[in-house]
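Below is start_35.json, holding JSON, C-alpha atoms and all ligand atoms.
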```json
[["chain", "number", "residue", "atom", "x", "y", "z"],
["A", 1, "MET", "CA", 0.00, 0.00, 0.00],
["A", 2, "PRO", "CA", 1.38, 3.44, -0.86],
["A", 3, "GLU", "CA", 2.50, 5.28, 2.28],
["A", 4, "LEU", "CA", 3.48, 8.93, 2.82],
["A", 5, "PRO", "CA", 6.64, 8.85, 0.64],
["A", 6, "GLU", "CA", 4.95, 7.15, -2.33],
["A", 7, "VAL", "CA", 1.97, 9.52, -2.15],
["A", 8, "GLU", "CA", 4.27, 12.55, -1.89],
["A", 9, "TYR", "CA", 6.23, 11.26, -4.89],
["A", 10, "THR", "CA", 2.93, 10.92, -6.76],
["A", 11, "ARG", "CA", 1.94, 14.46, -5.76],
["A", 12, "ARG", "CA", 5.21, 15.88, -7.10],
["A", 13, "ASN", "CA", 4.69, 14.06, -10.40],
["A", 14, "LEU", "CA", 1.09, 15.26, -10.63],
["A", 15, "GLU", "CA", 2.17, 18.86, -10.02],
["A", 16, "ARG", "CA", 4.50, 18.57, -13.01],
["A", 17, "TRP", "CA", 1.96, 16.79, -15.21],
["A", 18, "MET", "CA", -1.27, 18.57, -14.30],
["A", 19, "ARG", "CA", -0.81, 21.94, -12.59],
["A", 20, "GLY", "CA", -1.90, 24.90, -14.69],
["A", 21, "ARG", "CA", -3.50, 22.66, -17.29],
["A", 22, "THR", "CA", -7.16, 22.53, -18.23],
["A", 23, "ILE", "CA", -9.08, 19.27, -18.14],
["A", 24, "VAL", "CA", -10.58, 19.03, -21.61],
["A", 25, "GLY", "CA", -11.80, 15.46, -21.36],
["A", 26, "VAL", "CA", -12.37, 12.80, -18.74],
["A", 27, "VAL", "CA", -13.10, 9.10, -19.14],
["A", 28, "ALA", "CA", -14.54, 7.60, -15.96],
["A", 29, "THR", "CA", -16.89, 4.66, -15.99],
["A", 30, "ASP", "CA", -16.25, 2.88, -12.69],
["A", 31, "PRO", "CA", -18.89, 3.90, -10.11],
["A", 32, "LEU", "CA", -16.85, 2.27, -7.36],
["A", 33, "LEU", "CA", -14.01, 4.79, -7.59],
["A", 34, "VAL", "CA", -15.66, 8.13, -8.11],
["A", 35, "ARG", "CA", -17.86, 8.14, -5.05],
["A", 36, "PRO", "CA", -20.00, 9.76, -3.88],
["A", 37, "LYS", "CA", -21.09, 10.97, -7.33],
["A", 38, "SER", "CA", -21.76, 8.85, -10.39],
["A", 39, "PRO", "CA", -19.11, 8.69, -13.13],
["A", 40, "ARG", "CA", -21.30, 10.93, -15.31],
["A", 41, "GLU", "CA", -21.54, 13.61, -12.61],
["A", 42, "PHE", "CA", -17.80, 13.31, -11.96],
["A", 43, "VAL", "CA", -17.00, 13.88, -15.64],
["A", 44, "SER", "CA", -19.30, 16.88, -15.88],
["A", 45, "ALA", "CA", -18.00, 18.45, -12.65],
["A", 46, "VAL", "CA", -14.32, 18.39, -13.64],
["A", 47, "THR", "CA", -14.42, 18.91, -17.40],
["A", 48, "GLY", "CA", -13.41, 22.44, -18.33],
["A", 49, "GLN", "CA", -11.77, 23.06, -14.96],
["A", 50, "SER", "CA", -8.17, 24.13, -14.58],
["A", 51, "ILE", "CA", -5.90, 22.44, -12.03],
["A", 52, "ALA", "CA", -4.74, 25.07, -9.55],
["A", 53, "THR", "CA", -2.81, 22.90, -7.12],
["A", 54, "ILE", "CA", -2.36, 19.38, -5.81],
["A", 55, "GLU", "CA", -1.91, 18.98, -2.05],
["A", 56, "ARG", "CA", -1.19, 15.99, 0.15],
["A", 57, "ARG", "CA", -2.04, 15.14, 3.72],
["A", 58, "GLY", "CA", -0.97, 11.71, 4.96],
["A", 59, "LYS", "CA", -1.95, 9.24, 2.27],
["A", 60, "TRP", "CA", -4.61, 11.55, 0.81],
["A", 61, "LEU", "CA", -4.28, 13.85, -2.19],
["A", 62, "ARG", "CA", -6.42, 16.90, -2.88],
["A", 63, "PHE", "CA", -6.81, 18.43, -6.32],
["A", 64, "VAL", "CA", -8.06, 22.01, -6.25],
["A", 65, "LEU", "CA", -9.70, 22.90, -9.56],
["A", 66, "THR", "CA", -10.87, 26.33, -10.67],
["A", 67, "GLU", "CA", -13.24, 27.27, -13.41],
["A", 68, "VAL", "CA", -11.47, 28.54, -16.52],
["A", 69, "PRO", "CA", -12.69, 32.09, -17.27],
["A", 70, "PRO", "CA", -15.28, 31.85, -20.05],
["A", 71, "LYS", "CA", -14.34, 33.11, -23.49],
["A", 72, "ALA", "CA", -15.47, 36.66, -24.28],
["A", 73, "GLY", "CA", -19.15, 36.88, -25.02],
["A", 74, "ARG", "CA", -19.95, 33.52, -23.41],
["A", 75, "ARG", "CA", -21.68, 33.19, -20.11],
["A", 76, "SER", "CA", -20.87, 30.57, -17.56],
["A", 77, "ASP", "CA", -22.90, 29.76, -14.48],
["A", 78, "ARG", "CA", -19.86, 28.08, -12.97],
["A", 79, "ALA", "CA", -17.41, 31.00, -13.17],
["A", 80, "GLY", "CA", -15.31, 31.35, -10.04],
["A", 81, "ARG", "CA", -16.51, 28.05, -8.67],
["A", 82, "GLU", "CA", -13.94, 25.79, -7.07],
["A", 83, "THR", "CA", -14.13, 22.02, -7.27],
["A", 84, "THR", "CA", -12.07, 19.75, -5.06],
["A", 85, "ILE", "CA", -11.21, 16.12, -5.66],
["A", 86, "TYR", "CA", -10.03, 14.08, -2.67],
["A", 87, "ALA", "CA", -8.05, 11.06, -3.84],
["A", 88, "HIS", "CA", -6.77, 8.00, -2.01],
["A", 89, "LEU", "CA", -4.67, 5.39, -3.80],
["A", 90, "GLY", "CA", -6.04, 2.49, -1.74],
["A", 91, "MET", "CA", -3.90, -0.63, -2.12],
["A", 92, "THR", "CA", -2.82, -0.52, -5.74],
["A", 93, "GLY", "CA", -3.76, 2.92, -7.08],
["A", 94, "TRP", "CA", -1.33, 4.92, -9.17],
["A", 95, "PHE", "CA", -1.24, 7.91, -11.51],
["A", 96, "GLU", "CA", 0.68, 7.62, -14.75],
["A", 97, "GLN", "CA", 1.31, 9.71, -17.81],
["A", 98, "ALA", "CA", -0.42, 8.04, -20.73],
["A", 99, "PRO", "CA", 1.28, 8.24, -24.12],
["A", 100, "SER", "CA", -1.93, 7.96, -26.17],
["A", 101, "ALA", "CA", -5.71, 7.93, -25.88],
["A", 102, "GLU", "CA", -5.53, 4.14, -25.66],
["A", 103, "PRO", "CA", -6.45, 3.22, -22.04],
["A", 104, "LEU", "CA", -3.65, 1.70, -19.96],
["A", 105, "ARG", "CA", -4.04, -1.68, -18.30],
["A", 106, "PHE", "CA", -6.28, -1.31, -15.22],
["A", 107, "GLN", "CA", -6.98, 2.32, -16.11],
["A", 108, "ARG", "CA", -10.03, 3.55, -14.13],
["A", 109, "VAL", "CA", -10.01, 7.27, -14.87],
["A", 110, "GLY", "CA", -8.35, 9.10, -17.76],
["A", 111, "PHE", "CA", -7.76, 12.86, -17.85],
["A", 112, "GLU", "CA", -7.06, 14.68, -21.09],
["A", 113, "LEU", "CA", -5.28, 17.96, -20.40],
["A", 114, "GLU", "CA", -4.42, 21.01, -22.42],
["A", 115, "ARG", "CA", -2.07, 23.93, -22.04],
["A", 116, "ARG", "CA", -1.30, 26.40, -24.82],
["A", 117, "GLY", "CA", -2.72, 24.06, -27.41],
["A", 118, "LYS", "CA", -0.64, 21.08, -26.25],
["A", 119, "ARG", "CA", -2.51, 17.96, -25.18],
["A", 120, "THR", "CA", -1.27, 15.50, -22.55],
["A", 121, "ARG", "CA", -2.90, 12.64, -20.66],
["A", 122, "VAL", "CA", -2.80, 11.39, -17.10],
["A", 123, "ALA", "CA", -4.40, 8.10, -16.12],
["A", 124, "TYR", "CA", -5.45, 6.73, -12.75],
["A", 125, "VAL", "CA", -4.74, 2.97, -12.76],
["A", 126, "ASP", "CA", -5.82, 0.62, -10.00],
["A", 127, "SER", "CA", -5.91, -3.17, -10.34],
["A", 128, "ARG", "CA", -7.80, -3.85, -7.10],
["A", 129, "ARG", "CA", -10.03, -0.75, -7.25],
["A", 130, "TRP", "CA", -9.72, 0.18, -3.57],
["A", 131, "GLY", "CA", -8.71, 3.73, -4.39],
["A", 132, "ARG", "CA", -11.14, 6.60, -4.63],
["A", 133, "LEU", "CA", -11.58, 9.98, -6.26],
["A", 134, "TRP", "CA", -14.19, 11.95, -4.40],
["A", 135, "ILE", "CA", -15.62, 15.29, -5.39],
["A", 136, "ALA", "CA", -16.52, 17.26, -2.28],
["A", 137, "GLU", "CA", -17.56, 20.83, -1.56],
["A", 138, "ALA", "CA", -16.18, 20.76, 1.99],
["A", 139, "PRO", "CA", -13.19, 18.78, 3.33],
["A", 140, "VAL", "CA", -14.14, 15.12, 3.79],
["A", 141, "PRO", "CA", -13.95, 13.69, 7.35],
["A", 142, "ALA", "CA", -11.20, 11.30, 6.22],
["A", 143, "TRP", "CA", -9.05, 14.39, 5.51],
["A", 144, "THR", "CA", -9.96, 16.52, 8.52],
["A", 145, "ALA", "CA", -9.54, 13.65, 11.04],
["A", 146, "LEU", "CA", -5.89, 13.15, 10.08],
["A", 147, "GLY", "CA", -3.18, 13.87, 12.63],
["A", 148, "PRO", "CA", -0.13, 16.03, 11.85],
["A", 149, "ASP", "CA", 1.70, 15.14, 8.64],
["A", 150, "PRO", "CA", 5.36, 14.38, 9.43],
["A", 151, "LEU", "CA", 6.60, 16.01, 6.22],
["A", 152, "ASN", "CA", 4.29, 19.04, 5.99],
["A", 153, "ASP", "CA", 3.88, 19.81, 9.69],
["A", 154, "GLY", "CA", 6.97, 18.20, 11.22],
["A", 155, "ILE", "CA", 6.75, 16.01, 14.31],
["A", 156, "ASP", "CA", 6.15, 17.80, 17.59],
["A", 157, "VAL", "CA", 7.81, 15.47, 20.13],
["A", 158, "PRO", "CA", 5.99, 16.71, 23.28],
["A", 159, "ALA", "CA", 2.61, 16.55, 21.50],
["A", 160, "LEU", "CA", 3.36, 13.06, 20.18],
["A", 161, "ALA", "CA", 4.53, 11.92, 23.64],
["A", 162, "THR", "CA", 1.23, 13.11, 25.14],
["A", 163, "LYS", "CA", -0.76, 11.22, 22.50],
["A", 164, "LEU", "CA", 1.26, 8.01, 22.92],
["A", 165, "GLY", "CA", 1.07, 8.24, 26.70],
["A", 166, "ARG", "CA", -2.69, 7.73, 26.47],
["A", 167, "ARG", "CA", -2.45, 4.55, 24.41],
["A", 168, "LYS", "CA", -1.88, 1.07, 25.81],
["A", 169, "ARG", "CA", -1.53, -0.82, 22.55],
["A", 170, "ALA", "CA", 1.78, -1.78, 20.94],
["A", 171, "ILE", "CA", 3.66, 1.24, 19.59],
["A", 172, "LYS", "CA", 3.76, -0.26, 16.07],
["A", 173, "GLU", "CA", -0.05, -0.47, 15.98],
["A", 174, "VAL", "CA", -0.48, 3.03, 17.39],
["A", 175, "LEU", "CA", 1.85, 4.51, 14.76],
["A", 176, "LEU", "CA", -0.44, 3.15, 12.03],
["A", 177, "ASP", "CA", -3.37, 5.16, 13.45],
["A", 178, "GLN", "CA", -3.75, 8.03, 10.95],
["A", 179, "GLY", "CA", -5.09, 10.27, 13.71],
["A", 180, "VAL", "CA", -1.76, 10.04, 15.56],
["A", 181, "LEU", "CA", 0.45, 10.90, 12.58],
["A", 182, "ALA", "CA", -0.85, 11.07, 9.02],
["A", 183, "GLY", "CA", 0.75, 8.89, 6.37],
["A", 184, "VAL", "CA", 2.72, 6.38, 8.46],
["A", 185, "GLY", "CA", 2.10, 2.86, 7.18],
["A", 186, "ASN", "CA", 3.46, -0.60, 7.87],
["A", 187, "ILE", "CA", 6.83, -0.17, 6.17],
["A", 188, "GLN", "CA", 7.64, 3.27, 7.58],
["A", 189, "ALA", "CA", 6.67, 2.16, 11.12],
["A", 190, "ILE", "CA", 8.86, -0.96, 10.90],
["A", 191, "GLU", "CA", 11.87, 0.99, 9.65],
["A", 192, "ALA", "CA", 11.44, 3.86, 12.14],
["A", 193, "LEU", "CA", 11.20, 1.51, 15.14],
["A", 194, "TRP", "CA", 14.31, -0.34, 14.00],
["A", 195, "LYS", "CA", 16.17, 2.98, 13.68],
["A", 196, "ALA", "CA", 14.95, 3.95, 17.16],
["A", 197, "GLY", "CA", 16.01, 0.60, 18.67],
["A", 198, "ILE", "CA", 12.55, -0.03, 20.11],
["A", 199, "ASP", "CA", 10.70, -3.36, 20.07],
["A", 200, "PRO", "CA", 7.46, -2.87, 18.07],
["A", 201, "ARG", "CA", 5.49, -4.72, 20.81],
["A", 202, "SER", "CA", 6.37, -2.13, 23.48],
["A", 203, "PRO", "CA", 3.21, -0.52, 24.88],
["A", 204, "ALA", "CA", 2.92, 3.08, 23.63],
["A", 205, "ASP", "CA", 2.39, 4.36, 27.19],
["A", 206, "ALA", "CA", 5.65, 2.73, 28.35],
["A", 207, "LEU", "CA", 7.84, 4.93, 26.15],
["A", 208, "SER", "CA", 10.05, 7.63, 27.62],
["A", 209, "ARG", "CA", 10.41, 11.10, 26.15],
["A", 210, "ALA", "CA", 13.79, 9.99, 24.72],
["A", 211, "ASP", "CA", 12.07, 7.02, 23.05],
["A", 212, "VAL", "CA", 9.49, 9.31, 21.43],
["A", 213, "ARG", "CA", 12.30, 11.59, 20.24],
["A", 214, "ALA", "CA", 14.08, 8.53, 18.76],
["A", 215, "ILE", "CA", 10.88, 7.43, 16.97],
["A", 216, "ALA", "CA", 10.36, 10.94, 15.55],
["A", 217, "HIS", "CA", 13.95, 10.88, 14.31],
["A", 218, "GLY", "CA", 13.45, 7.36, 12.88],
["A", 219, "LEU", "CA", 10.33, 8.46, 10.99],
["A", 220, "ARG", "CA", 12.05, 11.51, 9.49],
["A", 221, "TRP", "CA", 14.98, 9.29, 8.52],
["A", 222, "THR", "CA", 12.95, 6.57, 6.80],
["A", 223, "ILE", "CA", 10.56, 9.00, 5.05],
["A", 224, "ALA", "CA", 13.49, 11.00, 3.64],
["A", 225, "ARG", "CA", 15.32, 7.84, 2.52],
["A", 226, "THR", "CA", 12.26, 6.37, 0.83],
["A", 227, "LEU", "CA", 11.47, 9.64, -0.97],
["A", 228, "ALA", "CA", 15.07, 10.03, -2.13],
["A", 229, "ASP", "CA", 14.99, 6.44, -3.44],
["A", 230, "LEU", "CA", 11.76, 7.05, -5.35],
["A", 231, "GLU", "CA", 13.14, 10.22, -6.93],
["A", 232, "LYS", "CA", 16.42, 8.64, -7.96],
["A", 233, "PRO", "CA", 16.58, 8.13, -11.75],
["A", 234, "GLY", "CA", 15.75, 4.48, -12.42],
["A", 235, "GLY", "CA", 14.61, 4.10, -8.80],
["A", 236, "GLY", "CA", 11.03, 3.53, -8.00],
["A", 237, "LEU", "CA", 8.65, 1.24, -6.35],
["A", 238, "GLY", "CA", 9.37, -2.22, -5.19],
["A", 239, "SER", "CA", 13.13, -2.06, -4.78],
["A", 240, "GLY", "CA", 13.05, 0.28, -1.79],
["A", 241, "PRO", "CA", 15.94, 1.40, 0.40],
["A", 242, "PHE", "CA", 14.66, -0.59, 3.36],
["A", 243, "ARG", "CA", 17.03, -1.84, 6.05],
["A", 244, "ILE", "CA", 14.86, -4.54, 7.64],
["A", 245, "TYR", "CA", 11.38, -4.47, 6.06],
["A", 246, "GLY", "CA", 10.71, -7.83, 4.35],
["A", 247, "LYS", "CA", 14.11, -9.20, 5.42],
["A", 248, "LYS", "CA", 13.11, -11.86, 7.95],
["A", 249, "GLY", "CA", 15.96, -14.35, 8.42],
["A", 250, "ALA", "CA", 18.62, -11.91, 7.22],
["A", 251, "PRO", "CA", 21.23, -10.53, 9.66],
["A", 252, "CYS", "CA", 20.37, -7.19, 11.30],
["A", 253, "PRO", "CA", 22.41, -4.46, 9.57],
["A", 254, "ARG", "CA", 23.23, -3.02, 13.02],
["A", 255, "CYS", "CA", 23.90, -5.99, 15.37],
["A", 256, "ASP", "CA", 23.97, -9.05, 13.10],
["A", 257, "ARG", "CA", 21.25, -10.96, 14.98],
["A", 258, "THR", "CA", 18.76, -12.76, 12.75],
["A", 259, "LEU", "CA", 15.73, -10.59, 11.97],
["A", 260, "ALA", "CA", 12.40, -11.97, 13.17],
["A", 261, "ARG", "CA", 8.87, -11.60, 11.87],
["A", 262, "ILE", "CA", 5.68, -11.47, 13.93],
["A", 263, "GLU", "CA", 2.03, -10.57, 13.42],
["A", 264, "LEU", "CA", 1.00, -7.41, 15.21],
["A", 265, "GLY", "CA", -2.56, -6.12, 14.91],
["A", 266, "GLY", "CA", -2.95, -8.32, 11.84],
["A", 267, "ARG", "CA", 0.08, -6.81, 10.08],
["A", 268, "THR", "CA", 3.34, -8.57, 9.35],
["A", 269, "THR", "CA", 6.10, -6.93, 11.34],
["A", 270, "THR", "CA", 9.84, -7.43, 10.93],
["A", 271, "PHE", "CA", 12.11, -6.51, 13.83],
["A", 272, "CYS", "CA", 15.48, -7.31, 15.40],
["A", 273, "PRO", "CA", 15.31, -9.25, 18.70],
["A", 274, "GLY", "CA", 18.89, -8.13, 19.39],
["A", 275, "CYS", "CA", 18.94, -4.35, 19.25],
["A", 276, "GLN", "CA", 15.25, -3.39, 19.41],
["A", 277, "LYS", "CA", 14.63, -3.39, 23.17],
["A", 278, "ARG", "CA", 11.22, -3.98, 24.66],
["A", 279, "ARG", "CA", 9.94, -1.18, 26.89],
["A", 280, "ARG", "CA", 7.76, -2.14, 29.82],
["A", 281, "ARG", "CA", 5.43, -0.10, 31.96],
["A", 282, "ARG", "CA", 6.94, 0.81, 35.30],
["A", 283, "ARG", "CA", 5.06, -0.72, 38.17],
["A", 284, "ARG", "CA", 3.44, 1.95, 40.27],
["A", 285, "LYS", "CA", 4.23, 1.85, 43.96],
["A", 286, "GLY", "CA", 1.52, 1.96, 46.61],
["B", 301, "ZN", "ZN", 19.83, -5.60, 15.55]]
```

For this file, produce the structure as C-alpha cells.
Ligand SMILES: [Zn+2]
Amino acid sequence: MPELPEVEYTRRNLERWMRGRTIVGVVATDPLLVRPKSPREFVSAVTGQSIATIERRGKWLRFVLTEVPPKAGRRSDRAGRETTIYAHLGMTGWFEQAPSAEPLRFQRVGFELERRGKRTRVAYVDSRRWGRLWIAEAPVPAWTALGPDPLNDGIDVPALATKLGRRKRAIKEVLLDQGVLAGVGNIQAIEALWKAGIDPRSPADALSRADVRAIAHGLRWTIARTLADLEKPGGGLGSGPFRIYGKKGAPCPRCDRTLARIELGGRTTTFCPGCQKRRRRRRRKG
C-alpha cells in the first residue's frame, strides 16, 4: 500500500503533469471509484476546470480545480466556482502519464489535459479498485480527522509523547493510526522503530520522552530515505531502500542478529530481537 513517501512522490509528479493545465476530457466509468457521485456527474464536474494545485495530507491527495474564465461573449454559471477532488490510492492505485488515448491496463479514470494548445494525458490505474476519487464541496472527514503530517507539519515530540502516553496498545499499531500521525504505514513504522532501537510490541504508554524523540527521528529518517529512493533516476517502487522491512531471516544491519517476523494487529512486522529493546510499563508503587 502506498504510504506517505509514495503519495508525496505521486503528488510531485502530478504537479509537473497537471498543474496549470485545463481538463478538456475525462473518461470515468467505474462507479466504485468516483464516489459519492456517479461517473457521469464526476466527468461533468471536472471537465473544463483548470488544475490550480495538488496537495497531500498523509496518504490523501487533494486536487483544487478552478473554473477557466469563459471566453469573451460567453456566459458561464460556474465561473469562479472551485471544485475539489479528494483522492486516495487504496492498495494498488497509481497515476501515470499516458502516451496515447488508448487506455492503460487497469486504467479507471483518464484525464485529457491542455495547455497552450498542447494535449497530454494522465491516467489513474488501479488493479484492485480500492482507491477513490471523491468530489466534495467541503473537506471530507477522512481528511480533517488526520493527525499532523510528518513532512508538511513536522513532528512535535511533546505533543506526540502526550498522545502516545494515552495509548496502551503496541507502539507499532499506534503509529499506524492516521489520527496520531498522518501517512505512516506498515513499512515506515517498521523501519522507524528499527532505527529507534525499540521493540514494536512495546506498549505506547511505556515509552520515555527519549524514546518518542528517537521514533520521531526514525520516521524523518525513513521517510526522507524512501522519498530520495523514489526520486532517484531508475529508482522507483518495489526495490526500496529498506534496512529490515521484508528481510526476515537476514542478519540485522546493526547488530547481526537474525531478523524476526511477527504478526502485530494483523500486520506482518519485521524486527530485530537483538537491538530493538522492549519497553515495559513501570510498576506503580503503593
Ligand atoms: Zn539488531

Each chain A residue no farther than 9 Å from ligand ZN 301 (chain B), nearest pair in Å, only C-alpha atoms and all ligand atoms, as a tab-separated table:
```
residue	atom	partner	partner_atom	distance
A:Trp194	CA	B:ZN301	ZN	7.8
A:Gly197	CA	B:ZN301	ZN	7.9
A:Pro251	CA	B:ZN301	ZN	7.8
A:Cys252	CA	B:ZN301	ZN	4.6
A:Pro253	CA	B:ZN301	ZN	6.6
A:Arg254	CA	B:ZN301	ZN	5.0
A:Cys255	CA	B:ZN301	ZN	4.1
A:Asp256	CA	B:ZN301	ZN	5.9
A:Arg257	CA	B:ZN301	ZN	5.6
A:Thr258	CA	B:ZN301	ZN	7.8
A:Leu259	CA	B:ZN301	ZN	7.4
A:Phe271	CA	B:ZN301	ZN	8.0
A:Cys272	CA	B:ZN301	ZN	4.7
A:Pro273	CA	B:ZN301	ZN	6.6
A:Gly274	CA	B:ZN301	ZN	4.7
A:Cys275	CA	B:ZN301	ZN	4.0
A:Gln276	CA	B:ZN301	ZN	6.4
```

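In terms of minimum interatomic distance to Ile171 in chain A, A:Thr269 ranks closest within A:Thr269, A:Pro139, A:Gln49, A:Thr92, counting all atoms listed in the file.
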
Atom pair CA of Arg278 in chain A / CA of Asp199 in chain A: separation (Å): 4.7 Å

Fewer than 6 positions away in the same chain doesn't count, so skip those; otherwise give me all residues within 8 Å of Gly93 in chain A, counting all atoms listed in the file, as an MDAnalysis selection string. chainID A and resid 124:131

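Proximity of A:Arg213, A:Arg108, A:Arg282, A:Arg56 to Ile198 in chain A, computed with all atoms listed in the file, is greatest for A:Arg213.
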